[in-house]
file final09.txt (compact mmCIF, C-alpha atoms)
# COMPACT_ATOMS: atom_id res chain seq x y z
CA MET A 795 1.75 45.14 7.76
CA ALA A 796 3.79 42.96 5.43
CA ARG A 797 5.16 39.70 6.80
CA ASP A 798 8.89 39.13 6.68
CA MET A 799 10.44 36.03 5.14
CA GLN A 800 11.22 34.48 8.52
CA SER A 801 7.54 34.39 9.47
CA TYR A 802 6.76 32.52 6.24
CA ILE A 803 9.54 30.03 6.97
CA GLU A 804 8.24 29.46 10.50
CA ASP A 805 4.71 28.97 9.17
CA LEU A 806 5.99 26.40 6.66
CA GLN A 807 7.96 24.54 9.33
CA GLU A 808 4.91 24.51 11.61
CA ARG A 809 2.74 22.95 8.89
CA GLN A 810 5.44 20.41 8.03
CA THR A 811 5.62 19.40 11.70
CA GLU A 812 1.83 19.08 11.84
CA ALA A 813 1.92 16.83 8.78
CA GLN A 814 4.18 14.39 10.65
CA GLY A 815 1.49 13.72 13.26
CA SER A 816 1.67 13.97 17.03
CA ASP A 817 3.30 11.59 19.50
CA LYS A 818 -0.23 10.65 20.58
CA ASP A 819 -1.09 9.59 17.02
CA VAL A 820 2.07 7.49 16.83
CA GLY A 821 1.33 5.90 20.21
CA ARG A 822 -2.19 4.90 19.17
CA GLN A 823 -0.88 3.20 16.04
CA HIS A 824 1.86 1.38 17.93
CA ALA A 825 -0.67 0.23 20.54
CA LYS A 826 -2.43 -1.64 17.74
CA LYS A 827 0.90 -3.27 16.81
CA ARG A 828 1.01 -1.31 13.56
CA LEU A 829 3.56 1.15 12.23
CA THR A 830 2.75 4.68 11.08
CA ALA A 831 2.52 5.59 7.39
CA ARG A 832 5.97 7.19 7.41
CA GLU A 833 7.60 4.40 9.43
CA ARG A 834 6.40 1.95 6.79
CA ILE A 835 7.90 4.08 4.04
CA ASP A 836 11.23 4.25 5.89
CA LEU A 837 11.36 0.44 6.05
CA LEU A 838 10.37 -0.02 2.41
CA PHE A 839 12.79 2.37 0.73
CA ASP A 840 16.57 2.43 0.65
CA PRO A 841 17.74 4.84 3.40
CA GLY A 842 17.74 8.49 2.40
CA THR A 843 16.21 7.98 -1.04
CA PHE A 844 12.52 8.79 -0.46
CA THR A 845 11.16 12.12 -1.70
CA GLU A 846 7.68 13.09 -0.55
CA ILE A 847 5.31 15.06 -2.77
CA ASP A 848 2.26 17.19 -1.87
CA THR A 849 3.13 17.12 1.83
CA LEU A 850 0.95 20.09 2.77
CA VAL A 851 -2.19 19.35 0.76
CA LEU A 852 -5.42 20.11 2.63
CA PRO A 853 -9.06 19.30 1.83
CA ARG A 854 -11.50 22.02 0.76
CA TYR A 855 -13.12 21.92 4.20
CA GLU A 856 -11.56 23.29 7.39
CA SER A 857 -13.70 20.98 9.51
CA TYR A 858 -16.42 18.38 9.12
CA PRO A 859 -19.65 17.73 11.06
CA GLY A 860 -18.89 16.39 14.50
CA GLY A 861 -15.71 18.45 14.82
CA LYS A 862 -13.53 16.08 12.79
CA SER A 863 -10.79 17.61 10.71
CA SER A 864 -7.89 16.61 8.50
CA ARG A 865 -4.32 17.88 8.63
CA PRO A 866 -1.63 18.73 6.07
CA GLY A 867 -1.20 15.74 3.77
CA ASP A 868 -4.89 14.78 4.09
CA GLY A 869 -4.28 11.27 5.35
CA VAL A 870 -1.89 9.84 2.76
CA VAL A 871 1.88 10.09 2.19
CA THR A 872 2.91 9.94 -1.46
CA GLY A 873 6.28 10.10 -3.15
CA PHE A 874 9.06 8.18 -4.86
CA GLY A 875 12.43 6.69 -4.03
CA LEU A 876 14.65 3.66 -4.51
CA VAL A 877 14.05 0.07 -3.44
CA ASN A 878 17.11 -2.13 -4.01
CA GLY A 879 18.48 0.75 -6.07
CA ARG A 880 15.46 0.88 -8.43
CA ARG A 881 12.83 3.60 -8.61
CA VAL A 882 9.43 2.96 -7.01
CA VAL A 883 6.40 5.20 -6.40
CA VAL A 884 4.30 4.79 -3.25
CA ALA A 885 1.09 5.94 -1.58
CA SER A 886 0.93 5.16 2.15
CA GLN A 887 -2.38 5.85 3.91
CA ASP A 888 -2.29 7.35 7.40
CA ALA A 889 -4.92 5.77 9.65
CA THR A 890 -4.37 8.47 12.30
CA VAL A 891 -6.05 11.06 10.02
CA MET A 892 -9.79 10.43 9.96
CA GLY A 893 -9.20 6.68 9.89
CA GLY A 894 -7.23 6.94 6.65
CA SER A 895 -10.50 7.70 4.86
CA LEU A 896 -10.30 8.82 1.24
CA GLY A 897 -11.46 12.31 0.35
CA GLU A 898 -11.12 14.36 -2.81
CA MET A 899 -7.60 15.70 -2.17
CA HIS A 900 -6.46 12.39 -0.66
CA ALA A 901 -7.52 10.73 -3.93
CA ASN A 902 -5.84 13.44 -6.02
CA LYS A 903 -2.51 12.63 -4.36
CA ILE A 904 -2.84 8.90 -5.05
CA VAL A 905 -3.89 9.51 -8.67
CA LYS A 906 -0.92 11.85 -9.18
CA ALA A 907 1.45 9.21 -7.78
CA MET A 908 -0.02 6.50 -10.01
CA ARG A 909 0.32 8.69 -13.10
CA MET A 910 3.92 9.40 -12.12
CA ALA A 911 4.62 5.66 -11.91
CA LEU A 912 3.07 5.13 -15.37
CA THR A 913 5.00 8.04 -16.87
CA TYR A 914 8.35 6.85 -15.57
CA GLY A 915 7.64 3.15 -16.00
CA CYS A 916 8.23 2.01 -12.43
CA PRO A 917 6.29 -0.09 -9.88
CA PHE A 918 3.48 1.49 -7.86
CA ILE A 919 2.97 0.34 -4.27
CA ALA A 920 -0.14 1.17 -2.22
CA LEU A 921 0.06 0.79 1.56
CA ASN A 922 -3.62 0.58 2.48
CA ASP A 923 -4.85 1.39 5.99
CA SER A 924 -8.27 2.96 5.43
CA GLY A 925 -11.92 2.61 6.32
CA GLY A 926 -12.87 3.55 2.77
CA ALA A 927 -14.63 6.62 1.41
CA ARG A 928 -14.84 9.75 3.58
CA ILE A 929 -18.60 10.03 3.87
CA GLN A 930 -18.38 13.71 4.83
CA GLU A 931 -17.26 14.48 1.26
CA GLY A 932 -19.93 12.37 -0.41
CA VAL A 933 -19.70 12.16 -4.20
CA ASP A 934 -16.29 13.87 -4.27
CA SER A 935 -14.89 10.94 -2.30
CA LEU A 936 -16.58 8.29 -4.44
CA GLY A 937 -15.43 10.06 -7.59
CA GLY A 938 -11.88 9.90 -6.26
CA TYR A 939 -12.11 6.11 -6.01
CA ALA A 940 -13.46 5.94 -9.57
CA ARG A 941 -10.33 7.73 -10.84
CA ILE A 942 -8.08 5.36 -8.87
CA PHE A 943 -9.85 2.28 -10.27
CA ASP A 944 -9.55 3.71 -13.78
CA LEU A 945 -5.78 4.08 -13.36
CA ASN A 946 -5.53 0.58 -11.86
CA CYS A 947 -6.96 -0.72 -15.13
CA LYS A 948 -4.76 1.50 -17.34
CA ALA A 949 -1.63 0.45 -15.43
CA SER A 950 -2.52 -3.26 -15.54
CA GLY A 951 0.07 -5.13 -17.59
CA VAL A 952 2.16 -1.98 -17.96
CA ILE A 953 3.77 -1.56 -14.52
CA PRO A 954 3.76 -3.80 -11.45
CA GLN A 955 1.05 -2.79 -8.96
CA ILE A 956 1.44 -4.08 -5.42
CA SER A 957 -1.06 -3.55 -2.60
CA LEU A 958 -0.36 -3.99 1.11
CA ILE A 959 -3.32 -4.36 3.48
CA MET A 960 -1.92 -3.07 6.76
CA GLY A 961 -5.01 -2.42 8.87
CA PRO A 962 -8.79 -2.82 8.78
CA CYS A 963 -9.67 -1.83 5.20
CA ALA A 964 -13.17 -1.56 3.76
CA GLY A 965 -15.01 -0.39 0.66
CA GLY A 966 -12.87 1.28 -1.99
CA ALA A 967 -9.75 0.56 0.07
CA VAL A 968 -10.15 -3.10 -0.94
CA TYR A 969 -11.71 -2.69 -4.40
CA SER A 970 -8.50 -1.12 -5.68
CA PRO A 971 -6.14 -3.77 -4.21
CA ALA A 972 -8.25 -6.51 -5.81
CA LEU A 973 -7.43 -4.95 -9.20
CA THR A 974 -3.68 -4.97 -8.61
CA ASP A 975 -1.09 -7.66 -9.37
CA PHE A 976 -0.05 -8.70 -5.85
CA VAL A 977 -1.81 -8.35 -2.50
CA PHE A 978 0.00 -8.65 0.83
CA MET A 979 -1.74 -8.88 4.21
CA THR A 980 -0.45 -8.80 7.77
CA GLY A 981 -1.59 -10.85 10.75
CA ASN A 982 -3.72 -8.00 12.14
CA SER A 983 -5.17 -6.59 8.93
CA TYR A 984 -8.60 -7.13 7.40
CA MET A 985 -10.22 -6.46 4.05
CA PHE A 986 -13.96 -6.52 3.44
CA ILE A 987 -16.62 -4.64 1.50
CA THR A 988 -18.31 -3.64 4.74
CA GLY A 989 -17.68 -4.49 8.39
CA PRO A 990 -19.25 -7.01 10.79
CA ASN A 991 -21.61 -4.42 12.31
CA VAL A 992 -23.22 -3.66 8.96
CA VAL A 993 -23.50 -7.37 8.16
CA LYS A 994 -25.28 -7.89 11.47
CA ALA A 995 -27.64 -4.95 10.91
CA VAL A 996 -28.56 -5.94 7.36
CA MET A 997 -28.42 -9.75 7.44
CA GLN A 998 -28.87 -10.43 11.18
CA GLU A 999 -25.76 -12.57 10.96
CA GLU A 1000 -22.91 -12.33 13.44
CA VAL A 1001 -19.45 -12.72 11.96
CA SER A 1002 -16.01 -11.85 13.33
CA PHE A 1003 -13.46 -9.58 11.66
CA GLU A 1004 -11.24 -12.60 11.00
CA GLU A 1005 -14.02 -14.72 9.49
CA LEU A 1006 -15.24 -11.87 7.30
CA GLY A 1007 -11.96 -10.52 6.01
CA GLY A 1008 -8.90 -11.82 7.83
CA GLY A 1009 -5.64 -12.83 6.21
CA LEU A 1010 -6.22 -16.57 6.60
CA MET A 1011 -9.64 -16.36 4.97
CA HIS A 1012 -8.35 -14.38 2.00
CA SER A 1013 -5.24 -16.52 1.52
CA GLN A 1014 -6.95 -19.91 1.97
CA GLU A 1015 -10.51 -19.39 0.71
CA SER A 1016 -11.09 -16.29 -1.41
CA GLY A 1017 -7.61 -16.23 -2.96
CA VAL A 1018 -7.49 -12.42 -2.91
CA CYS A 1019 -4.37 -12.41 -0.72
CA HIS A 1020 -1.16 -13.70 -2.31
CA PHE A 1021 1.24 -13.23 0.62
CA LEU A 1022 0.25 -13.47 4.30
CA THR A 1023 2.82 -12.09 6.75
CA GLY A 1024 3.07 -11.77 10.50
CA ASP A 1025 3.48 -8.02 10.92
CA ASP A 1026 4.36 -4.77 9.14
CA ASN A 1027 8.11 -5.38 9.27
CA GLU A 1028 7.93 -8.83 7.69
CA CYS A 1029 5.44 -7.61 5.10
CA LEU A 1030 7.63 -4.72 3.92
CA ASP A 1031 10.72 -6.95 3.85
CA ARG A 1032 8.93 -9.46 1.61
CA VAL A 1033 7.77 -6.69 -0.70
CA ARG A 1034 11.40 -5.66 -1.18
CA THR A 1035 12.19 -9.29 -2.03
CA LEU A 1036 9.31 -9.54 -4.51
CA LEU A 1037 10.43 -6.34 -6.27
CA SER A 1038 13.87 -7.88 -6.82
CA TYR A 1039 12.24 -10.40 -9.20
CA LEU A 1040 10.03 -7.97 -11.15
CA PRO A 1041 10.83 -5.76 -14.14
CA GLY A 1042 10.07 -2.06 -13.77
CA ASN A 1043 7.53 -2.15 -16.60
CA ASN A 1044 6.35 -4.20 -19.57
CA LYS A 1045 9.30 -3.10 -21.72
CA ASP A 1046 12.05 -3.84 -19.18
CA ASP A 1047 13.77 -7.11 -18.50
CA PRO A 1048 13.66 -8.54 -14.97
CA PRO A 1049 16.68 -7.66 -12.79
CA TYR A 1050 19.70 -9.83 -13.51
CA VAL A 1051 21.77 -11.28 -10.70
CA THR A 1052 24.98 -13.14 -11.49
CA PRO A 1053 24.38 -16.79 -10.53
CA VAL A 1054 26.71 -18.35 -7.98
CA ASP A 1055 25.51 -21.94 -8.44
CA ASP A 1056 27.61 -24.25 -10.61
CA ALA A 1057 25.75 -24.89 -13.87
CA GLU A 1058 27.34 -28.35 -14.07
CA ARG A 1059 26.31 -29.37 -10.57
CA LEU A 1060 24.71 -32.83 -10.47
CA VAL A 1061 21.71 -33.58 -8.28
CA PRO A 1062 21.12 -37.36 -8.21
CA GLU A 1063 17.65 -36.95 -6.68
CA LEU A 1064 16.43 -35.14 -9.79
CA GLU A 1065 17.14 -38.21 -11.91
CA LYS A 1066 14.58 -40.22 -9.91
CA ILE A 1067 11.68 -37.79 -10.10
CA VAL A 1068 10.62 -38.63 -13.67
CA PRO A 1069 10.92 -42.32 -14.60
CA THR A 1070 12.66 -43.23 -17.84
CA ASP A 1071 9.85 -45.68 -18.68
CA PRO A 1072 7.08 -43.60 -20.36
CA HIS A 1073 4.44 -46.15 -19.20
CA ARG A 1074 5.21 -45.57 -15.55
CA PRO A 1075 3.35 -42.82 -13.64
CA TYR A 1076 5.21 -40.36 -11.47
CA ASP A 1077 4.36 -38.19 -8.48
call {"tool": "encode", "arguments": {"input": "final09.txt", "output": "structure tokens"}}
result
Amino acid sequence: MARDMQSYIEDLQERQTEAQGSDKDVGRQHAKKRLTARERIDLLFDPGTFTEIDTLVLPRYESYPGGKSSRPGDGVVTGFGLVNGRRVVVASQDATVMGGSLGEMHANKIVKAMRMALTYGCPFIALNDSGGARIQEGVDSLGGYARIFDLNCKASGVIPQISLIMGPCAGGAVYSPALTDFVFMTGNSYMFITGPNVVKAVMQEEVSFEELGGGLMHSQESGVCHFLTGDDNECLDRVRTLLSYLPGNNKDDPPYVTPVDDAERLVPELEKIVPTDPHRPYD
């Protein structure tokens, strides 16, 4: 018996609702003092300007060993919109779907978004909240990271690439950010090649999440983190500020804002910074 159009519409609406995640998923993320993937996008973009792509993408597999399964979107929200009135492309990982792990289709969505940013000459922003490769998909998952790294290199020096570490990220989820132009971290995010449990098992050395890959360590010692913020809200607000200084691509000029400061204003303190005597040292 042929289905009528209404049944197709209802099926589509049901899958779109499933892609949004359940209240339980949202609650778990909020309990960790972190926002959901879509909440982060809402804060980043100008209201009403974001357009999502590939919302209903699913992996090849209906379920994985152990009963785990994905849902429409496959753990990452991708799309484009306006930030301060200028076009930006984003990929926001959803930690409530298999820990934000990257599988084949998950990677395909990110790669498509990155290519879109290169084509249109606009910044690409990655909101990372992932445990790394989805081991259930094996080589398909690792191959997905290889394609992302390749595009990171091709986009380098062509468009701004900004990475936000917004949860405990490991493996490929931190290799890619290290290749980008700017890395933001929040007060309860971590980035490391592998976690403390693996370090203990392999090296018999106990180390905390903060010592191994916390924001303070990466901003004060490793130098991988450029901006350390308190929480998701502050992080996304500072990204909007950073974008206001950056050109859209290597052929654009930076945004111009009409200055309000008087060009003839005198600042007496400036005259004392560098001494007029060339033989005198200065601070």
call {"tool": "closest_residue", "arguments": {"input": "final09.txt", "among": "A:Tyr1039, A:Tyr969, A:Phe918, A:Phe874", "to": "Pro954 (chain A)", "atoms": "only C-alpha atoms"}}
result
A:Phe918
call {"tool": "axis_aligned_box", "arguments": {"input": "final09.txt", "around": "region 979-989 of chain A", "padding_each_side": "4 Å", "output": "JSON"}}
result
{"center_x": -9.4, "center_y": -7.2, "center_z": 6.8, "size_x": 25.9, "size_y": 15.2, "size_z": 18.6}
call {"tool": "closest_residue", "arguments": {"input": "final09.txt", "among": "A:Tyr858, A:Gln823, A:Arg880, A:Gly989", "to": "Ser1002 (chain A)", "atoms": "only C-alpha atoms"}}
result
A:Gly989
call {"tool": "residues_around", "arguments": {"input": "final09.txt", "residues": "Val905 (chain A)", "least_positions_apart": "4", "cutoff": "7 Å", "atoms": "all atoms listed in the file", "output": "PyMOL selection string"}}
result
chain A and resi 901+909+942
call {"tool": "residues_near_point", "arguments": {"input": "final09.txt", "point": "(-12.7, -4.4, 1.1)", "cutoff": "10 Å", "atoms": "only C-alpha atoms", "output": "list in words"}}
result
Ser924, Gly925, Gly926, Ile959, Pro962, Cys963, Ala964, Gly965, Gly966, Ala967, Val968, Tyr969, Ser970, Pro971, Ala972, Tyr984, Met985, Phe986, Ile987, Thr988, Gly989 and Gly1007 of chain A
call {"tool": "atom_distance", "arguments": {"input": "final09.txt", "atom1": "CA of Ser950 (chain A)", "atom2": "CA of Gly932 (chain A)"}}
result
27.9 Å
call {"tool": "residues_around", "arguments": {"input": "final09.txt", "residues": "Pro1048 (chain A)", "least_positions_apart": "2", "cutoff": "12 Å", "atoms": "all atoms listed in the file", "output": "PyMOL selection string"}}
result
chain A and resi 880+954+1036-1046+1050-1051
call {"tool": "residues_around", "arguments": {"input": "final09.txt", "residues": "region 801-809 of chain A", "least_positions_apart": "5", "cutoff": "12 Å", "atoms": "all atoms listed in the file", "output": "PDB file with C-alpha atoms, keeping the file's coordinate frame"}}
result
ATOM      1  CA  ALA A 796       3.790  42.960   5.430  1.00  0.00           C
ATOM      2  CA  GLN A 814       4.180  14.390  10.650  1.00  0.00           C
ATOM      3  CA  GLY A 815       1.490  13.720  13.260  1.00  0.00           C
ATOM      4  CA  THR A 849       3.130  17.120   1.830  1.00  0.00           C
ATOM      5  CA  LEU A 850       0.950  20.090   2.770  1.00  0.00           C
ATOM      6  CA  VAL A 851      -2.190  19.350   0.760  1.00  0.00           C
ATOM      7  CA  LEU A 852      -5.420  20.110   2.630  1.00  0.00           C
ATOM      8  CA  ARG A 865      -4.320  17.880   8.630  1.00  0.00           C
ATOM      9  CA  PRO A 866      -1.630  18.730   6.070  1.00  0.00           C
ATOM     10  CA  GLY A 867      -1.200  15.740   3.770  1.00  0.00           C
TER      11      GLY A 867
END
call {"tool": "closest_residue", "arguments": {"input": "final09.txt", "among": "A:Pro917, A:Gly875, A:Pro1049, A:Pro853", "to": "Gly897 (chain A)", "atoms": "only C-alpha atoms"}}
result
A:Pro853
call {"tool": "residues_around", "arguments": {"input": "final09.txt", "residues": "Gly961 (chain A)", "least_positions_apart": "5", "cutoff": "8 Å", "atoms": "all atoms listed in the file", "output": "compact mmCIF listing (two decimals) with C-alpha atoms, keeping the file's coordinate frame"}}
result
# COMPACT_ATOMS: atom_id res chain seq x y z
CA ARG A 828 1.01 -1.31 13.56
CA ASN A 922 -3.62 0.58 2.48
CA ASP A 923 -4.85 1.39 5.99
CA SER A 924 -8.27 2.96 5.43
CA THR A 980 -0.45 -8.80 7.77
CA ASN A 982 -3.72 -8.00 12.14
CA SER A 983 -5.17 -6.59 8.93
CA TYR A 984 -8.60 -7.13 7.40
call {"tool": "atom_distance", "arguments": {"input": "final09.txt", "atom1": "CA of Arg881 (chain A)", "atom2": "CA of Thr1035 (chain A)"}}
result
14.5 Å
call {"tool": "atom_distance", "arguments": {"input": "final09.txt", "atom1": "CA of Cys1029 (chain A)", "atom2": "CA of Val884 (chain A)"}}
result
15.0 Å
call {"tool": "residues_around", "arguments": {"input": "final09.txt", "residues": "Asn946 (chain A)", "least_positions_apart": "2", "cutoff": "8 Å", "atoms": "only C-alpha atoms", "output": "PDB file with C-alpha atoms, in the coordinates of the input"}}
result
ATOM      1  CA  ILE A 942      -8.080   5.360  -8.870  1.00  0.00           C
ATOM      2  CA  PHE A 943      -9.850   2.280 -10.270  1.00  0.00           C
ATOM      3  CA  ASP A 944      -9.550   3.710 -13.780  1.00  0.00           C
ATOM      4  CA  LYS A 948      -4.760   1.500 -17.340  1.00  0.00           C
ATOM      5  CA  ALA A 949      -1.630   0.450 -15.430  1.00  0.00           C
ATOM      6  CA  SER A 950      -2.520  -3.260 -15.540  1.00  0.00           C
ATOM      7  CA  GLN A 955       1.050  -2.790  -8.960  1.00  0.00           C
ATOM      8  CA  SER A 970      -8.500  -1.120  -5.680  1.00  0.00           C
ATOM      9  CA  LEU A 973      -7.430  -4.950  -9.200  1.00  0.00           C
ATOM     10  CA  THR A 974      -3.680  -4.970  -8.610  1.00  0.00           C
TER      11      THR A 974
END
call {"tool": "closest_residue", "arguments": {"input": "final09.txt", "among": "A:Ile847, A:Leu921, A:Met979, A:Ala911", "to": "Val882 (chain A)", "atoms": "all atoms listed in the file"}}
result
A:Ala911
call {"tool": "residues_near_point", "arguments": {"input": "final09.txt", "point": "(-13.8, 22.7, 2.4)", "cutoff": "12 Å", "atoms": "only C-alpha atoms", "output": "PyMOL selection string"}}
result
chain A and resi 852-859+863-864+897-899+930-931+934
call {"tool": "write_last_selection", "arguments": {"input": "final09.txt", "atoms": "C-alpha atoms", "output": "PDB file, in the frame of the given file"}}
result
ATOM      1  CA  LEU A 852      -5.420  20.110   2.630  1.00  0.00           C
ATOM      2  CA  PRO A 853      -9.060  19.300   1.830  1.00  0.00           C
ATOM      3  CA  ARG A 854     -11.500  22.020   0.760  1.00  0.00           C
ATOM      4  CA  TYR A 855     -13.120  21.920   4.200  1.00  0.00           C
ATOM      5  CA  GLU A 856     -11.560  23.290   7.390  1.00  0.00           C
ATOM      6  CA  SER A 857     -13.700  20.980   9.510  1.00  0.00           C
ATOM      7  CA  TYR A 858     -16.420  18.380   9.120  1.00  0.00           C
ATOM      8  CA  PRO A 859     -19.650  17.730  11.060  1.00  0.00           C
ATOM      9  CA  SER A 863     -10.790  17.610  10.710  1.00  0.00           C
ATOM     10  CA  SER A 864      -7.890  16.610   8.500  1.00  0.00           C
ATOM     11  CA  GLY A 897     -11.460  12.310   0.350  1.00  0.00           C
ATOM     12  CA  GLU A 898     -11.120  14.360  -2.810  1.00  0.00           C
ATOM     13  CA  MET A 899      -7.600  15.700  -2.170  1.00  0.00           C
ATOM     14  CA  GLN A 930     -18.380  13.710   4.830  1.00  0.00           C
ATOM     15  CA  GLU A 931     -17.260  14.480   1.260  1.00  0.00           C
ATOM     16  CA  ASP A 934     -16.290  13.870  -4.270  1.00  0.00           C
TER      17      ASP A 934
END
call {"tool": "closest_residue", "arguments": {"input": "final09.txt", "among": "A:Lys826, A:Arg928, A:Lys818, A:Arg834", "to": "Asp868 (chain A)", "atoms": "all atoms listed in the file"}}
result
A:Arg928
